[in-house]
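S.K.: As input, take data.txt (compact mmCIF, C-alpha atoms):
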# COMPACT_ATOMS: atom_id res chain seq x y z
CA MET W 1 0.00 0.00 0.00
CA ARG W 2 2.85 2.38 0.85
CA SER W 3 4.50 1.82 -2.52
CA THR W 4 1.19 2.34 -4.32
CA LEU W 5 0.65 5.66 -2.55
CA ALA W 6 4.19 6.71 -3.40
CA VAL W 7 3.57 6.08 -7.10
CA ALA W 8 0.24 7.91 -6.87
CA ARG W 9 1.85 10.98 -5.26
CA LYS W 10 4.60 11.02 -7.88
CA GLU W 11 2.06 10.73 -10.72
CA LEU W 12 -0.13 13.47 -9.24
CA ARG W 13 2.84 15.87 -9.07
CA GLN W 14 3.70 15.02 -12.66
CA ILE W 15 0.12 15.68 -13.81
CA LEU W 16 0.06 19.04 -12.03
CA ARG W 17 3.28 20.02 -13.80
CA ASP W 18 1.99 18.84 -17.19
CA ARG W 19 -0.52 21.54 -18.10
CA ARG W 20 -1.54 19.84 -21.33
CA THR W 21 -2.62 16.66 -19.53
CA LEU W 22 -4.44 18.69 -16.89
CA MET W 23 -6.21 20.66 -19.61
CA ILE W 24 -7.33 17.43 -21.31
CA LEU W 25 -8.69 15.98 -18.09
CA LEU W 26 -10.48 19.05 -16.75
CA PHE W 27 -11.50 21.42 -19.54
CA ILE W 28 -11.77 19.39 -22.76
CA PRO W 29 -14.77 17.34 -21.45
CA VAL W 30 -16.80 20.50 -20.80
CA PHE W 31 -15.79 21.87 -24.22
CA PHE W 32 -16.96 18.68 -25.93
CA LEU W 33 -20.21 18.82 -23.98
CA LEU W 34 -20.93 22.34 -25.20
CA LEU W 35 -19.90 21.54 -28.76
CA PHE W 36 -21.80 18.30 -29.25
CA GLY W 37 -24.66 19.08 -26.89
CA TYR W 38 -25.77 22.02 -29.01
CA ALA W 39 -24.72 20.69 -32.42
CA LEU W 40 -25.83 17.03 -32.52
CA ASN W 41 -29.31 15.99 -33.53
CA PHE W 42 -30.07 12.55 -34.95
CA ASP W 43 -32.76 9.93 -35.18
CA ILE W 44 -32.54 6.28 -34.13
CA ARG W 45 -35.08 3.53 -33.64
CA ASN W 46 -35.33 0.71 -31.12
CA ILE W 47 -38.84 -0.53 -30.42
CA ARG W 48 -39.55 -3.36 -27.95
CA LEU W 49 -43.28 -3.69 -27.26
CA ALA W 50 -45.16 -4.76 -24.15
CA VAL W 51 -48.90 -5.43 -24.32
CA GLU W 52 -51.52 -5.16 -21.60
CA ASP W 53 -54.72 -6.56 -23.09
CA SER W 54 -57.65 -6.29 -20.67
CA ASP W 55 -60.26 -7.00 -23.35
CA HIS W 56 -59.06 -10.41 -24.64
CA SER W 57 -61.27 -10.15 -27.71
CA PRO W 58 -60.64 -10.98 -31.38
CA GLU W 59 -60.55 -7.24 -32.07
CA SER W 60 -57.88 -6.58 -29.45
CA ARG W 61 -55.79 -9.51 -30.70
CA ARG W 62 -56.13 -8.20 -34.24
CA LEU W 63 -54.85 -4.81 -33.13
CA ILE W 64 -51.88 -6.39 -31.36
CA SER W 65 -51.10 -8.41 -34.49
CA ALA W 66 -51.19 -5.22 -36.54
CA PHE W 67 -48.46 -3.72 -34.35
CA VAL W 68 -46.32 -6.85 -34.35
CA ASN W 69 -46.74 -7.58 -38.06
CA SER W 70 -45.95 -3.99 -39.06
CA GLY W 71 -42.22 -4.71 -38.89
CA TYR W 72 -41.63 -1.84 -36.50
CA PHE W 73 -42.48 -3.52 -33.21
CA ASP W 74 -41.26 -6.72 -31.56
CA LEU W 75 -43.49 -8.21 -28.87
CA ALA W 76 -41.19 -8.45 -25.86
CA ALA W 77 -43.66 -9.01 -23.01
CA THR W 78 -47.34 -9.49 -22.14
CA VAL W 79 -48.49 -8.14 -18.77
CA GLN W 80 -51.72 -8.29 -16.84
CA GLY W 81 -51.70 -4.99 -14.96
CA GLY W 82 -50.17 -4.22 -11.61
CA ASP W 83 -46.56 -3.05 -11.36
CA ALA W 84 -45.20 -5.39 -14.03
CA LEU W 85 -45.33 -2.74 -16.73
CA ASP W 86 -43.56 -0.18 -14.53
CA ALA W 87 -40.78 -2.67 -13.81
CA LEU W 88 -40.30 -3.47 -17.50
CA MET W 89 -40.12 0.20 -18.45
CA ASP W 90 -37.75 1.08 -15.61
CA ALA W 91 -35.40 -1.77 -16.50
CA GLY W 92 -35.41 -0.81 -20.18
CA ALA W 93 -36.73 -4.23 -21.18
CA VAL W 94 -39.39 -2.53 -23.32
CA ARG W 95 -39.62 0.91 -24.85
CA VAL W 96 -43.32 0.96 -25.71
CA ALA W 97 -46.44 -0.41 -24.08
CA LEU W 98 -49.82 -0.93 -25.77
CA VAL W 99 -52.67 -0.81 -23.25
CA ILE W 100 -56.07 -2.02 -24.45
CA PRO W 101 -58.83 -1.42 -21.91
CA SER W 102 -61.72 -3.70 -21.12
CA GLY W 103 -64.71 -3.06 -23.36
CA PHE W 104 -62.62 -2.20 -26.42
CA ALA W 105 -64.51 -4.56 -28.74
CA ARG W 106 -67.89 -3.61 -27.25
CA SER W 107 -67.25 0.05 -28.01
CA LEU W 108 -66.36 -0.80 -31.59
CA HIS W 109 -69.53 -2.83 -32.12
CA ARG W 110 -71.68 -0.09 -30.59
CA GLY W 111 -70.20 2.47 -32.95
CA GLU W 112 -68.52 4.35 -30.12
CA PRO W 113 -64.92 5.59 -30.25
CA ALA W 114 -62.65 3.01 -28.62
CA ASP W 115 -59.70 4.48 -26.76
CA ILE W 116 -56.38 2.71 -26.35
CA GLU W 117 -53.25 3.92 -24.62
CA ILE W 118 -49.66 3.95 -25.85
CA ILE W 119 -47.00 4.41 -23.17
CA ILE W 120 -43.61 5.40 -24.56
CA ASN W 121 -40.20 5.50 -22.90
CA GLY W 122 -39.13 9.09 -23.58
CA ASP W 123 -35.47 8.87 -22.61
CA ASN W 124 -34.79 8.87 -26.36
CA ALA W 125 -36.88 11.72 -27.71
CA ASN W 126 -36.28 10.89 -31.37
CA THR W 127 -37.32 7.28 -30.94
CA ALA W 128 -40.39 8.34 -28.95
CA ALA W 129 -41.49 10.68 -31.72
CA THR W 130 -40.92 7.96 -34.32
CA VAL W 131 -42.88 5.44 -32.28
CA MET W 132 -45.76 7.84 -31.95
CA GLY W 133 -45.82 8.28 -35.72
CA TYR W 134 -45.74 4.52 -36.33
CA ALA W 135 -48.55 3.96 -33.83
CA SER W 136 -50.71 6.65 -35.41
CA THR W 137 -50.21 5.14 -38.86
CA ILE W 138 -51.09 1.63 -37.68
CA LEU W 139 -54.22 2.84 -35.88
CA THR W 140 -55.34 4.84 -38.90
CA THR W 141 -55.05 1.71 -41.04
CA GLU W 142 -56.87 -0.44 -38.51
CA SER W 143 -59.63 2.13 -38.08
CA ALA W 144 -60.46 1.77 -41.74
CA ARG W 145 -61.66 -1.78 -41.01
CA TYR W 146 -64.57 -0.47 -38.95
CA VAL W 147 -67.43 1.85 -39.75
CA VAL W 148 -68.84 4.02 -37.01
CA ARG W 149 -72.60 4.22 -37.27
CA ASP W 150 -74.93 6.29 -35.14
CA ALA W 151 -72.00 7.87 -33.31
CA PRO W 152 -72.98 11.05 -31.44
CA GLY W 153 -72.18 14.05 -33.57
CA GLY W 154 -71.63 11.99 -36.70
CA ALA W 155 -68.99 9.54 -37.76
CA GLY W 156 -65.61 9.64 -36.09
CA PRO W 157 -62.51 7.49 -35.86
CA PRO W 158 -63.36 4.09 -34.40
CA VAL W 159 -60.01 3.78 -32.60
CA THR W 160 -58.37 6.78 -30.98
CA LEU W 161 -54.87 7.00 -29.59
CA GLU W 162 -53.90 8.45 -26.22
CA PRO W 163 -50.08 8.56 -26.12
CA ARG W 164 -48.17 9.00 -22.89
CA VAL W 165 -44.40 9.56 -22.80
CA TRP W 166 -42.55 8.50 -19.66
CA TYR W 167 -39.27 9.98 -18.35
CA ASN W 168 -39.16 12.70 -21.04
CA PRO W 169 -42.68 14.04 -21.68
CA GLN W 170 -41.43 17.00 -23.75
CA LEU W 171 -39.47 14.66 -26.06
CA ARG W 172 -36.32 16.73 -25.63
CA SER W 173 -33.48 15.13 -27.59
CA THR W 174 -30.99 16.71 -25.20
CA LEU W 175 -32.00 14.32 -22.43
CA PHE W 176 -31.02 11.45 -24.70
CA LEU W 177 -27.84 13.02 -26.09
CA VAL W 178 -26.22 14.32 -22.91
CA PRO W 179 -25.82 10.94 -21.11
CA GLY W 180 -24.31 9.51 -24.28
CA LEU W 181 -21.96 12.46 -24.56
CA LEU W 182 -20.88 11.97 -20.96
CA ALA W 183 -19.91 8.36 -21.71
CA TYR W 184 -18.12 9.39 -24.90
CA ILE W 185 -16.20 12.25 -23.29
CA ALA W 186 -15.23 10.29 -20.18
CA MET W 187 -14.05 7.29 -22.21
CA ILE W 188 -11.92 9.35 -24.59
CA THR W 189 -10.23 11.48 -21.95
CA ALA W 190 -9.59 8.64 -19.49
CA VAL W 191 -8.16 6.22 -22.04
CA VAL W 192 -5.98 8.78 -23.82
CA SER W 193 -4.58 10.32 -20.64
CA THR W 194 -3.53 7.01 -19.09
CA ALA W 195 -2.36 5.52 -22.39
CA LEU W 196 0.39 8.13 -22.33
CA ALA W 197 1.34 7.54 -18.70
CA VAL W 198 3.62 4.49 -18.95
CA VAL W 199 4.87 5.43 -22.43
CA ARG W 200 6.02 8.76 -21.02
CA GLU W 201 8.14 6.84 -18.52
CA LYS W 202 9.66 4.84 -21.38
CA GLU W 203 10.50 7.87 -23.48
CA ARG W 204 12.06 9.77 -20.58
CA GLY W 205 14.14 6.77 -19.55
CA THR W 206 12.68 6.62 -16.04
CA MET W 207 11.10 3.20 -16.54
CA GLU W 208 14.40 1.52 -15.75
CA GLN W 209 14.46 3.29 -12.38
CA VAL W 210 10.92 2.12 -11.69
CA ARG W 211 11.87 -1.46 -12.57
CA MET W 212 14.69 -1.37 -10.03
CA ALA W 213 12.40 -0.02 -7.29
CA PRO W 214 10.90 -2.46 -4.74
CA ILE W 215 7.39 -2.32 -6.19
CA GLY W 216 5.25 -4.87 -7.99
CA THR W 217 3.47 -4.33 -11.28
CA LEU W 218 -0.05 -4.25 -9.81
CA PRO W 219 0.76 -1.61 -7.12
CA PHE W 220 2.55 0.40 -9.82
CA ILE W 221 -0.50 0.31 -12.11
CA VAL W 222 -2.92 1.11 -9.29
CA GLY W 223 -0.70 3.98 -8.18
CA LYS W 224 -0.59 5.28 -11.74
CA SER W 225 -4.38 5.10 -12.01
CA VAL W 226 -5.44 6.70 -8.72
CA PRO W 227 -4.65 10.35 -9.61
CA TYR W 228 -6.26 10.02 -13.04
CA LEU W 229 -9.32 8.40 -11.48
CA GLY W 230 -9.75 11.26 -9.03
CA ILE W 231 -9.34 13.96 -11.68
CA SER W 232 -11.51 12.13 -14.25
CA LEU W 233 -14.24 11.57 -11.68
CA LEU W 234 -14.17 15.23 -10.71
CA SER W 235 -14.31 16.21 -14.38
CA SER W 236 -17.23 13.84 -15.10
CA LEU W 237 -19.22 15.15 -12.15
CA GLY W 238 -18.51 18.64 -13.45
CA VAL W 239 -19.99 17.64 -16.80
CA VAL W 240 -23.10 16.32 -15.03
CA VAL W 241 -23.52 19.56 -13.09
CA ALA W 242 -22.93 21.61 -16.24
CA SER W 243 -25.56 19.52 -18.03
CA MET W 244 -28.04 20.18 -15.23
CA VAL W 245 -27.42 23.93 -15.50
CA LEU W 246 -27.17 24.27 -19.29
CA PHE W 247 -29.53 21.56 -20.53
CA ASP W 248 -31.87 21.01 -17.55
CA LEU W 249 -30.73 17.40 -17.22
CA PRO W 250 -32.59 15.83 -14.29
CA VAL W 251 -30.89 13.52 -11.83
CA ARG W 252 -33.86 11.56 -10.51
CA GLY W 253 -31.94 8.71 -8.94
CA SER W 254 -29.33 8.36 -6.22
CA TRP W 255 -26.17 10.44 -6.53
CA TRP W 256 -24.27 7.65 -4.77
CA LEU W 257 -25.42 5.19 -7.41
CA LEU W 258 -24.43 7.66 -10.12
CA LEU W 259 -21.01 8.01 -8.49
CA LEU W 260 -20.61 4.22 -8.34
CA SER W 261 -21.52 3.85 -12.01
CA LEU W 262 -19.08 6.59 -13.01
CA SER W 263 -16.30 5.12 -10.89
CA LEU W 264 -16.61 1.59 -12.32
CA PHE W 265 -16.75 2.93 -15.87
CA LEU W 266 -13.73 5.19 -15.36
CA ILE W 267 -11.69 2.44 -13.67
CA GLY W 268 -12.26 0.24 -16.72
CA ALA W 269 -11.35 3.10 -19.08
CA LEU W 270 -8.19 3.90 -17.12
CA GLY W 271 -7.21 0.22 -17.07
CA MET W 272 -7.70 0.05 -20.82
CA GLY W 273 -5.47 3.09 -21.29
CA LEU W 274 -2.76 1.57 -19.11
CA PHE W 275 -2.92 -1.68 -21.05
CA ILE W 276 -2.45 0.26 -24.28
CA SER W 277 0.53 2.07 -22.77
CA THR W 278 2.23 -1.26 -22.04
CA ILE W 279 2.12 -2.34 -25.70
CA ALA W 280 3.07 1.03 -27.28
CA ASP W 281 6.63 2.37 -27.44
CA THR W 282 5.90 6.03 -28.25
CA GLN W 283 3.29 8.52 -27.12
CA GLN W 284 2.21 9.03 -30.73
CA VAL W 285 1.42 5.35 -31.19
CA ALA W 286 -0.26 5.19 -27.78
CA PHE W 287 -2.44 8.18 -28.63
CA GLN W 288 -3.54 6.70 -31.96
CA VAL W 289 -4.33 3.27 -30.51
CA ALA W 290 -6.19 4.82 -27.56
CA LEU W 291 -8.25 7.03 -29.84
CA LEU W 292 -9.22 4.17 -32.16
CA SER W 293 -10.01 1.70 -29.38
CA SER W 294 -12.17 4.16 -27.42
CA PHE W 295 -13.66 6.54 -29.99
CA LEU W 296 -15.09 4.11 -32.53
CA PRO W 297 -16.58 1.50 -30.14
CA THR W 298 -18.14 4.17 -27.92
CA ILE W 299 -19.72 5.97 -30.86
CA MET W 300 -20.67 3.01 -33.06
CA LEU W 301 -21.20 0.00 -30.78
CA SER W 302 -22.51 1.31 -27.46
CA GLY W 303 -26.06 2.17 -28.47
CA PHE W 304 -25.25 5.89 -28.28
CA ILE W 305 -26.16 6.53 -31.92
CA PHE W 306 -27.25 3.22 -33.41
CA PRO W 307 -29.58 0.87 -31.46
CA ILE W 308 -27.88 -2.43 -30.66
CA ALA W 309 -31.08 -4.39 -31.29
CA SER W 310 -31.03 -3.38 -34.97
CA MET W 311 -27.42 -4.49 -35.53
CA PRO W 312 -26.49 -7.83 -37.10
CA ALA W 313 -26.14 -10.70 -34.63
CA ALA W 314 -22.36 -10.82 -35.01
CA LEU W 315 -22.02 -7.13 -34.14
CA GLN W 316 -24.33 -7.53 -31.16
CA VAL W 317 -21.89 -10.10 -29.80
CA VAL W 318 -19.03 -7.64 -30.29
CA THR W 319 -20.90 -4.95 -28.34
CA SER W 320 -20.87 -7.19 -25.27
CA VAL W 321 -17.21 -6.20 -24.67
CA VAL W 322 -17.84 -2.45 -25.06
CA PRO W 323 -18.09 -0.96 -21.53
CA ALA W 324 -19.95 2.15 -22.72
CA ARG W 325 -22.88 -0.10 -23.63
CA TYR W 326 -23.48 -1.02 -19.99
CA PHE W 327 -22.62 2.42 -18.66
CA LEU W 328 -25.17 4.14 -20.91
CA VAL W 329 -27.95 1.85 -19.71
CA ALA W 330 -27.02 2.42 -16.06
CA LEU W 331 -26.55 6.18 -16.48
CA ARG W 332 -29.88 6.78 -18.23
CA ALA W 333 -31.66 4.56 -15.73
CA VAL W 334 -30.31 6.54 -12.77
CA VAL W 335 -30.53 10.03 -14.29
CA LEU W 336 -33.83 9.85 -16.20
CA LYS W 337 -35.76 7.03 -14.53
CA GLY W 338 -34.60 7.27 -10.94
CA ALA W 339 -33.89 3.52 -10.98
CA GLY W 340 -32.25 1.74 -8.08
CA PHE W 341 -29.50 -0.84 -7.75
CA GLU W 342 -31.91 -3.71 -8.40
CA VAL W 343 -32.44 -2.39 -11.93
CA ILE W 344 -28.83 -1.66 -12.95
CA GLY W 345 -27.02 -4.28 -10.87
CA GLY W 346 -26.29 -6.39 -13.96
CA GLN W 347 -24.80 -3.39 -15.78
CA LEU W 348 -22.57 -2.52 -12.82
CA LEU W 349 -21.41 -6.14 -12.59
CA ALA W 350 -20.43 -6.07 -16.28
CA LEU W 351 -18.47 -2.84 -15.73
CA ALA W 352 -16.70 -4.34 -12.71
CA ILE W 353 -15.74 -7.45 -14.68
CA PHE W 354 -14.39 -5.36 -17.56
CA ALA W 355 -12.34 -3.19 -15.19
CA THR W 356 -10.88 -6.24 -13.43
CA VAL W 357 -9.95 -7.93 -16.70
CA VAL W 358 -8.24 -4.95 -18.34
CA ILE W 359 -6.29 -4.01 -15.20
CA GLY W 360 -5.22 -7.65 -14.86
CA PHE W 361 -4.06 -7.73 -18.47
CA ALA W 362 -2.15 -4.47 -17.99
CA ALA W 363 -0.39 -5.87 -14.91
CA LEU W 364 0.49 -9.14 -16.67
CA ARG W 365 1.80 -7.30 -19.72
CA LEU W 366 3.94 -4.98 -17.62
CA ARG W 367 5.26 -7.90 -15.58
CA LYS W 368 6.31 -9.60 -18.80
CA GLU W 369 8.20 -6.49 -19.86
CA TRP W 370 9.94 -6.22 -16.49
CA ALA W 371 10.93 -9.89 -16.44
Can the structure from this file be put into structure tokens for me?
M.R.:
Amino acid sequence: MRSTLAVARKELRQILRDRRTLMILLFIPVFFLLLFGYALNFDIRNIRLAVEDSDHSPESRRLISAFVNSGYFDLAATVQGGDALDALMDAGAVRVALVIPSGFARSLHRGEPADIEIIINGDNANTAATVMGYASTILTTESARYVVRDAPGGAGPPVTLEPRVWYNPQLRSTLFLVPGLLAYIAMITAVVSTALAVVREKERGTMEQVRMAPIGTLPFIVGKSVPYLGISLLSSLGVVVASMVLFDLPVRGSWWLLLLSLSLFLIGALGMGLFISTIADTQQVAFQVALLSSFLPTIMLSGFIFPIASMPAALQVVTSVVPARYFLVALRAVVLKGAGFEVIGGQLLALAIFATVVIGFAALRLRKEWA
């Protein structure tokens, strides 16, 4: 422990002297947040459907089939009321719920407007708006099957839609973008900064002195990581606070759970950067490898821009080793849904496993070099 703290103190002094590294860790994340937060606007689609059918009639089953057979919706769950639907939405197991009330078929046969309810997860405003459009189109098509006779005030639509958007009622795309930007910014800065740490020792010729010191590889790596973890965590929390002030980002869940999620994600990112630094000989190579291994997976394979469910099966398998995938789910659940540990426990476990593996690989690789 004493040797680890000694390495951590040395690294912290070196970071404070290196203004470029300090600038990257503290100010670049907020700059990226401002740049991308105001500039990005895109549309993605990921529709998992839950159905609560209280009518159990041929008409209600026909309506459900219309949603499923449209090609836009996949039936993920069938619930029978209670808190089951809330649990599915909170956990992110479904994004849309179709609620058909009792008496749906009776209203159709009587020539009365039959109301149904669509509940939409609004943490992705673009997807929510797309879902609402798909649902309206399907209901318009299905309404054409029925003719309203003797309806008060004349003929009207047989089936009417009552949409409800959860977590983001205003469908603000910012509430979807900002958590993704936080993952992207934290991953880039953490990996790049630590990828240069060990390589810097190599280029300055101080690695030989470290090898002769009475310290093991794991304490050396942990000591190298601790200062970067503290600064990166402080920077990430600053981005969250800035997002709350600038973009009205709500934090509906526990701050301690948010801090735990951030810490596990950053530990994995720092471990990945240290592993890269053990296989690169120059800071230029380390920077390029760090950028490619963190930038592309976080943007393309984490679900930040493109929904994982719509990717080919082979790519979905690849996304299972991208830590940002699990962090985004946990972050949005805590920030937008106010979810607890029971909802994101699996995501946190995946982040912990990733962090343990990459730090272990970094220690083994460094031990091989020192042997």
S.K.: Which residue gives the smallest distance to Gly92 (chain W) among W:Leu301, W:Ala280, W:Val318, W:Ala50, with all atoms listed in the file counted?
M.R.: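 Of all the options, W:Ala50 lies closest to Gly92 (chain W).
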S.K.: May I ask which of the residues W:Ala97, W:Val343, W:Leu336, W:Val322 is the closest one to Ala355 (chain W), counting all atoms listed in the file?
M.R.: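 Once distances to Ala355 (chain W) are computed over all atoms listed in the file, the minimum belongs to W:Val322.
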S.K.: How many Å lie between CA of Glu59 (chain W) and CA of Thr130 (chain W), rounded to one decimal?
M.R.: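 CA of Thr130 (chain W) lies at a distance of 24.9 Å from CA of Glu59 (chain W).
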S.K.: Which is closest to Leu246 (chain W) among W:Leu264, W:Val178, W:Leu364, W:Ile138, if we use all atoms listed in the file?
M.R.: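 Looking at the shortest contact to Leu246 (chain W), the residue is W:Val178.
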S.K.: Point out the residue among W:Ala339, W:Ala77, W:Leu218, W:Leu262 with the least atom-to-atom distance to Phe361 (chain W), counting only C-alpha atoms.
M.R.: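 Closest to Phe361 (chain W) of all the choices is W:Leu218.
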S.K.: What does the structure give for the distance between CA of Ile231 (chain W) and CA of Met272 (chain W), in Å to one decimal?
M.R.: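 Between CA of Ile231 (chain W) and CA of Met272 (chain W) the gap works out to 16.7 Å.
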S.K.: Give me the residues within 12 Å of Leu296 (chain W) as a PyMOL selection string, counting all atoms listed in the file and dropping any in the same chain fewer than 5 places off.
M.R.: chain W and resi 184+187-188+288-291+301-305+319+322+324
S.K.: Let me make sure I understand: among W:Val226, W:Ile185, W:Ala314, W:Leu139, which one has the smallest atom-to-atom distance to Ile267 (chain W) if we use only C-alpha atoms?
M.R.: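 Going through W:Val226, W:Ile185, W:Ala314, W:Leu139 one by one, the smallest distance to Ile267 (chain W) is for W:Val226.
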S.K.: Return as AutoDock Vina command-line options the box centre and box size in Å, one decimal, for an axis-aligned box around all listed atoms of region 327-344 of chain W padded by 6 Å per side.
M.R.:
--center_x -29.2 --center_y 3.2 --center_z -14.3 --size_x 25.1 --size_y 25.7 --size_z 25.2
S.K.: Out of W:Ser243, W:Thr194, W:Ser263, W:Ser235, which residue has the shortest atom-to-atom distance to Phe287 (chain W) when counting only C-alpha atoms?
M.R.: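 Going through W:Ser243, W:Thr194, W:Ser263, W:Ser235 one by one, the smallest distance to Phe287 (chain W) is for W:Thr194.
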S.K.: Distance CA of Val96 (chain W)-CA of Phe73 (chain W), one decimal place?
M.R.: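 According to the coordinates, CA of Val96 (chain W) and CA of Phe73 (chain W) are separated by 8.8 Å.
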S.K.: Counting all atoms listed in the file, write as a list of chain:residue names all protein and nucleic acid residues lying at most 10 Å from (6.7, 4.5, -25.0) in the file's frame.
M.R.: W:Ala195, W:Leu196, W:Ala197, W:Val198, W:Val199, W:Arg200, W:Glu201, W:Lys202, W:Glu203, W:Arg204, W:Gly205, W:Met207, W:Ser277, W:Thr278, W:Ile279, W:Ala280, W:Asp281, W:Thr282, W:Gln283, W:Gln284, W:Val285, W:Ala286
S.K.: Skip Met89 (chain W) itself and residues of its chain fewer than 2 positions away, then list as a VMD selection string all residues within 12 Å of it, counting only C-alpha atoms.
M.R.: chain W and resid 48 to 51 76 to 77 79 83 to 87 91 to 97 119 to 123 165 to 167 333 336 to 339 343
S.K.: Extract, using only C-alpha atoms, all DNA, RNA and protein residues at most 8 Å from Leu331 (chain W), discarding same-chain residues fewer than 6 positions from it, and format them as a PyMOL selection string.
M.R.: chain W and resi 179+258+261
